[in-house]
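A quick write-up on the structure given underneath.
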Amino acid sequence: MTGIIFTGGSYGEAAFYEKLLANYSEAVVAAADGGAAFLEKLGVVPKVLLGDMDSVPRAVLEKYQALGVPLERHDTHKDETDTELAVTWCLAQGVDENNLCGATGSRIDHSYSNLFLLNRLLSAGVKGRIVDPVNEVFLVDDHCVLREVVGTTVSVLAFTDRAEGITLKGFEYPVTDGRMAHILAGYGVSNVTVAETAEISVASGVLLVDIIRKMA
């Protein structure tokens, strides 16, 4: 089962999310606080609305309440972000894939926190992605295969302090038994696929992968 969380960050063109929802028509959709406003614009009714409700327009909140959407209101003085609460809810539903939408934006602290939530999902054995019209971001702790149009830009970075035994195949800049680290911040940025099938693997540590499908 797939979960899709709409949270309170930046979105871009609505058509991307309409296509995403159409592709995952059976997904459970959760609204994390301000993400409810974007869902309302799309005409989508979420399975749940949760958070401290400090950024949900009153009209949207009342509309969803009238439609019978379960409301999980949390105190503003809490240890979790609203997106984290939504991830916890999705995990409780038994999802095996979780997509985070509106998970980046002007609040860098929230963007970082949402990247860390990908690690929580990875630890739970759930495929987690942050997606928007330009980026698809996910973590790799073993091996993955990409099937993208030749010429697609892909950045691969160390998510843990160090990542070793890295192999990149099907890229303009291939890597064999490589090493990445936080102190080598630019290494791995803006690689390009040269084959329809590309492979990424790592022996130790965790990699962050960002597929850039449309340059802004």
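FYI, nothing fancy with the structure tokens labels: chains A, B, ... in order, residues from 1 per chain, ligands from 1 as they appear.
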With range 93-108 of chain A as the partner and 12 Å as the cut-off, tabulate the residues of range 20-54 of chain A that qualify, each row holding the nearest pair of atoms and their distance in Å to one decimal, using only C-alpha atoms, sorted by chain and rising number, as a tab-separated table.
residue	atom	partner	partner_atom	distance
A:Leu20	CA	A:Asn99	CA	9.7
A:Leu21	CA	A:Asn99	CA	10.6
A:Tyr24	CA	A:Asn99	CA	10.4
A:Glu26	CA	A:Val95	CA	11.5
A:Ala27	CA	A:Val95	CA	9.0
A:Val28	CA	A:Val95	CA	8.5
A:Val29	CA	A:Asn99	CA	9.6
A:Ala30	CA	A:Leu100	CA	9.8
A:Ala31	CA	A:Cys101	CA	9.9
A:Ala32	CA	A:Gly102	CA	9.9
A:Asp33	CA	A:Gly102	CA	11.3
A:Gly34	CA	A:Gly102	CA	9.6
A:Gly35	CA	A:Gly102	CA	7.2
A:Ala36	CA	A:Gly102	CA	10.7
A:Ala37	CA	A:Gly102	CA	11.3
A:Phe38	CA	A:Gly102	CA	9.0
A:Leu39	CA	A:Cys101	CA	10.5
A:Lys47	CA	A:Gln93	CA	11.0
A:Val48	CA	A:Gln93	CA	11.5
DSSP on the backbone: which residues in range 14-167 of chain A end up as strand (DSSP E or B)? Give the answer as a short mmCIF file (atom, residue, chain, number, x, y, z; two decimals) with C-alpha atoms, in the first residue's frame.
data_model
loop_
_atom_site.label_atom_id
_atom_site.label_comp_id
_atom_site.auth_asym_id
_atom_site.auth_seq_id
_atom_site.Cartn_x
_atom_site.Cartn_y
_atom_site.Cartn_z
CA VAL A 28 -3.95 6.59 1.32
CA VAL A 29 -3.64 10.36 1.28
CA ALA A 30 -2.79 12.27 4.45
CA ALA A 31 -2.84 16.04 4.91
CA ALA A 32 -0.27 17.41 7.33
CA VAL A 48 -6.92 12.14 7.60
CA LEU A 49 -5.96 15.69 8.51
CA LEU A 50 -3.44 15.98 11.31
CA GLY A 51 -1.15 18.49 12.96
CA LEU A 71 -9.13 15.23 12.42
CA GLU A 72 -6.11 14.52 14.62
CA ARG A 73 -5.31 17.78 16.38
CA GLU A 97 5.88 3.11 0.07
CA ASN A 98 5.49 6.69 1.24
CA ASN A 99 5.66 9.81 -0.91
CA LEU A 100 6.16 13.23 0.67
CA CYS A 101 4.81 16.21 -1.29
CA LYS A 127 10.42 3.06 0.33
CA GLY A 128 10.34 6.79 0.99
CA ARG A 129 10.51 9.59 -1.56
CA ILE A 130 10.31 13.37 -1.57
CA VAL A 131 8.78 14.35 -4.89
CA ASN A 135 13.06 16.36 -8.01
CA GLU A 136 12.68 12.79 -6.81
CA VAL A 137 14.78 12.30 -3.67
CA PHE A 138 15.31 8.98 -1.89
CA LEU A 139 17.90 7.05 0.11
CA VAL A 140 19.89 3.97 -0.86
CA HIS A 143 21.47 -1.21 -4.44
CA CYS A 144 18.99 0.38 -6.79
CA VAL A 145 18.34 0.44 -10.52
CA LEU A 146 17.22 3.59 -12.33
CA ARG A 147 15.38 3.53 -15.61
CA THR A 153 20.70 14.56 -14.26
CA VAL A 154 21.22 12.53 -11.08
CA SER A 155 23.07 13.64 -7.96
CA VAL A 156 24.37 11.05 -5.51
CA LEU A 157 25.58 12.27 -2.10
CA ALA A 158 26.62 10.75 1.20
CA ARG A 162 30.71 8.53 5.14
CA ALA A 163 29.59 6.07 2.50
CA GLU A 164 32.00 3.53 1.02
CA GLY A 165 32.11 0.82 -1.60
CA ILE A 166 30.11 2.97 -4.01
CA THR A 167 29.49 1.83 -7.58
#
- Task: Skip Asp141 in chain A itself and residues of its chain fewer than 6 positions away, then list as an MDAnalysis selection string all residues within 10 Å of it, counting only C-alpha atoms.
- Result: chainID A and resid 119 122:123 159:160 163 200:208
Export of the given selection (N, CA, C and O atoms) as a compact mmCIF listing (two decimals), in the first residue's frame:
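Dumped everything to result.txt:
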# COMPACT_ATOMS: atom_id res chain seq x y z
N ASN A 119 15.07 8.68 6.26
CA ASN A 119 15.87 7.68 6.96
C ASN A 119 15.01 6.85 7.90
O ASN A 119 15.22 5.65 8.07
N LEU A 122 13.31 4.40 5.69
CA LEU A 122 14.26 3.38 5.27
C LEU A 122 14.48 2.37 6.37
O LEU A 122 14.50 1.15 6.14
N SER A 123 14.61 2.86 7.61
CA SER A 123 14.84 1.98 8.76
C SER A 123 13.64 1.07 9.00
O SER A 123 13.79 -0.03 9.54
N PHE A 159 24.64 10.45 2.57
CA PHE A 159 23.65 10.89 3.55
C PHE A 159 24.21 10.70 4.95
O PHE A 159 24.05 11.56 5.81
N THR A 160 24.85 9.57 5.19
CA THR A 160 25.60 9.39 6.42
C THR A 160 26.93 10.14 6.28
O THR A 160 27.30 10.56 5.18
N ALA A 163 30.17 7.20 3.22
CA ALA A 163 29.59 6.07 2.50
C ALA A 163 30.71 5.49 1.63
O ALA A 163 31.41 6.22 0.94
N ILE A 200 23.08 2.06 -8.95
CA ILE A 200 23.75 2.70 -7.81
C ILE A 200 23.83 1.67 -6.70
O ILE A 200 22.82 1.06 -6.35
N SER A 201 25.01 1.48 -6.14
CA SER A 201 25.13 0.57 -5.01
C SER A 201 26.14 1.13 -4.01
O SER A 201 27.02 1.90 -4.37
N VAL A 202 25.99 0.72 -2.75
CA VAL A 202 26.87 1.17 -1.68
C VAL A 202 27.05 0.01 -0.71
O VAL A 202 26.09 -0.67 -0.37
N ALA A 203 28.31 -0.20 -0.28
CA ALA A 203 28.60 -1.31 0.63
C ALA A 203 28.37 -0.94 2.08
O ALA A 203 27.92 -1.76 2.89
N SER A 204 28.69 0.30 2.46
CA SER A 204 28.47 0.75 3.83
C SER A 204 28.07 2.21 3.83
O SER A 204 28.54 3.00 3.01
N GLY A 205 27.17 2.55 4.75
CA GLY A 205 26.64 3.91 4.78
C GLY A 205 25.37 4.03 3.96
O GLY A 205 24.83 3.04 3.44
N VAL A 206 24.88 5.24 3.86
CA VAL A 206 23.63 5.52 3.14
C VAL A 206 23.87 6.66 2.16
O VAL A 206 24.52 7.66 2.49
N LEU A 207 23.34 6.52 0.96
CA LEU A 207 23.43 7.54 -0.07
C LEU A 207 22.10 8.27 -0.24
O LEU A 207 21.04 7.66 -0.10
N LEU A 208 22.17 9.55 -0.55
CA LEU A 208 20.99 10.32 -0.94
C LEU A 208 21.05 10.50 -2.45
O LEU A 208 22.06 10.95 -2.99
- Would you work out the distance separating CA of Arg213 in chain A from CA of Ala181 in chain A, expressed in Å to one decimal? 25.0 Å
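With only C-alpha atoms as the atoms that count, the minimum distance from Leu121 in chain A to the choices A:Ile183, A:Val175, A:Val87, A:Ile4 is reached by A:Val87.
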- Query: Could you work out how far CA of Phe16 in chain A lies from CA of Thr88 in chain A, giving the answer in Å with one decimal?
  - Reply: 25.1 Å
- In range 25-194 of chain A, DSSP helix (DSSP H, G or I) residues written as a PyMOL selection string: chain A and resi 35-42+58-66+82-92+108-123
I need the chosen residues saved as a PDB file, in the first residue's frame, with C-alpha atoms.
ATOM      1  CA  GLY A  35      -0.887  20.680   3.107  1.00  0.00           C
ATOM      2  CA  ALA A  36      -4.663  20.485   3.406  1.00  0.00           C
ATOM      3  CA  ALA A  37      -4.979  23.808   1.570  1.00  0.00           C
ATOM      4  CA  PHE A  38      -3.178  22.451  -1.492  1.00  0.00           C
ATOM      5  CA  LEU A  39      -5.274  19.279  -1.466  1.00  0.00           C
ATOM      6  CA  GLU A  40      -8.419  21.382  -1.301  1.00  0.00           C
ATOM      7  CA  LYS A  41      -7.267  23.256  -4.419  1.00  0.00           C
ATOM      8  CA  LEU A  42      -6.841  19.901  -6.163  1.00  0.00           C
ATOM      9  CA  ARG A  58     -10.340  27.968   8.661  1.00  0.00           C
ATOM     10  CA  ALA A  59     -12.561  27.509   5.607  1.00  0.00           C
ATOM     11  CA  VAL A  60     -10.537  24.453   4.513  1.00  0.00           C
ATOM     12  CA  LEU A  61     -10.606  22.984   8.013  1.00  0.00           C
ATOM     13  CA  GLU A  62     -14.367  23.431   8.299  1.00  0.00           C
ATOM     14  CA  LYS A  63     -14.942  21.984   4.809  1.00  0.00           C
ATOM     15  CA  TYR A  64     -13.036  18.805   5.572  1.00  0.00           C
ATOM     16  CA  GLN A  65     -14.691  18.477   8.969  1.00  0.00           C
ATOM     17  CA  ALA A  66     -18.094  18.745   7.279  1.00  0.00           C
ATOM     18  CA  ASP A  82       3.349  17.798  11.484  1.00  0.00           C
ATOM     19  CA  THR A  83       4.974  15.854   8.641  1.00  0.00           C
ATOM     20  CA  GLU A  84       6.502  13.440  11.150  1.00  0.00           C
ATOM     21  CA  LEU A  85       3.063  12.866  12.658  1.00  0.00           C
ATOM     22  CA  ALA A  86       1.778  12.069   9.172  1.00  0.00           C
ATOM     23  CA  VAL A  87       4.621   9.615   8.578  1.00  0.00           C
ATOM     24  CA  THR A  88       3.799   7.896  11.877  1.00  0.00           C
ATOM     25  CA  TRP A  89       0.155   7.651  10.800  1.00  0.00           C
ATOM     26  CA  CYS A  90       1.074   6.189   7.399  1.00  0.00           C
ATOM     27  CA  LEU A  91       3.357   3.611   8.981  1.00  0.00           C
ATOM     28  CA  ALA A  92       0.493   2.584  11.264  1.00  0.00           C
ATOM     29  CA  ILE A 108      15.343  24.920   5.405  1.00  0.00           C
ATOM     30  CA  ASP A 109      14.905  23.451   8.886  1.00  0.00           C
ATOM     31  CA  HIS A 110      11.717  21.687   7.815  1.00  0.00           C
ATOM     32  CA  SER A 111      13.337  20.578   4.558  1.00  0.00           C
ATOM     33  CA  TYR A 112      16.196  18.973   6.492  1.00  0.00           C
ATOM     34  CA  SER A 113      13.775  17.372   8.935  1.00  0.00           C
ATOM     35  CA  ASN A 114      11.837  15.856   6.051  1.00  0.00           C
ATOM     36  CA  LEU A 115      15.044  14.462   4.541  1.00  0.00           C
ATOM     37  CA  PHE A 116      15.725  12.828   7.908  1.00  0.00           C
ATOM     38  CA  LEU A 117      12.231  11.309   7.779  1.00  0.00           C
ATOM     39  CA  LEU A 118      13.373   9.416   4.686  1.00  0.00           C
ATOM     40  CA  ASN A 119      15.869   7.684   6.960  1.00  0.00           C
ATOM     41  CA  ARG A 120      13.097   6.747   9.379  1.00  0.00           C
ATOM     42  CA  LEU A 121      11.163   5.205   6.510  1.00  0.00           C
ATOM     43  CA  LEU A 122      14.263   3.382   5.268  1.00  0.00           C
ATOM     44  CA  SER A 123      14.836   1.979   8.757  1.00  0.00           C
TER      45      SER A 123
END
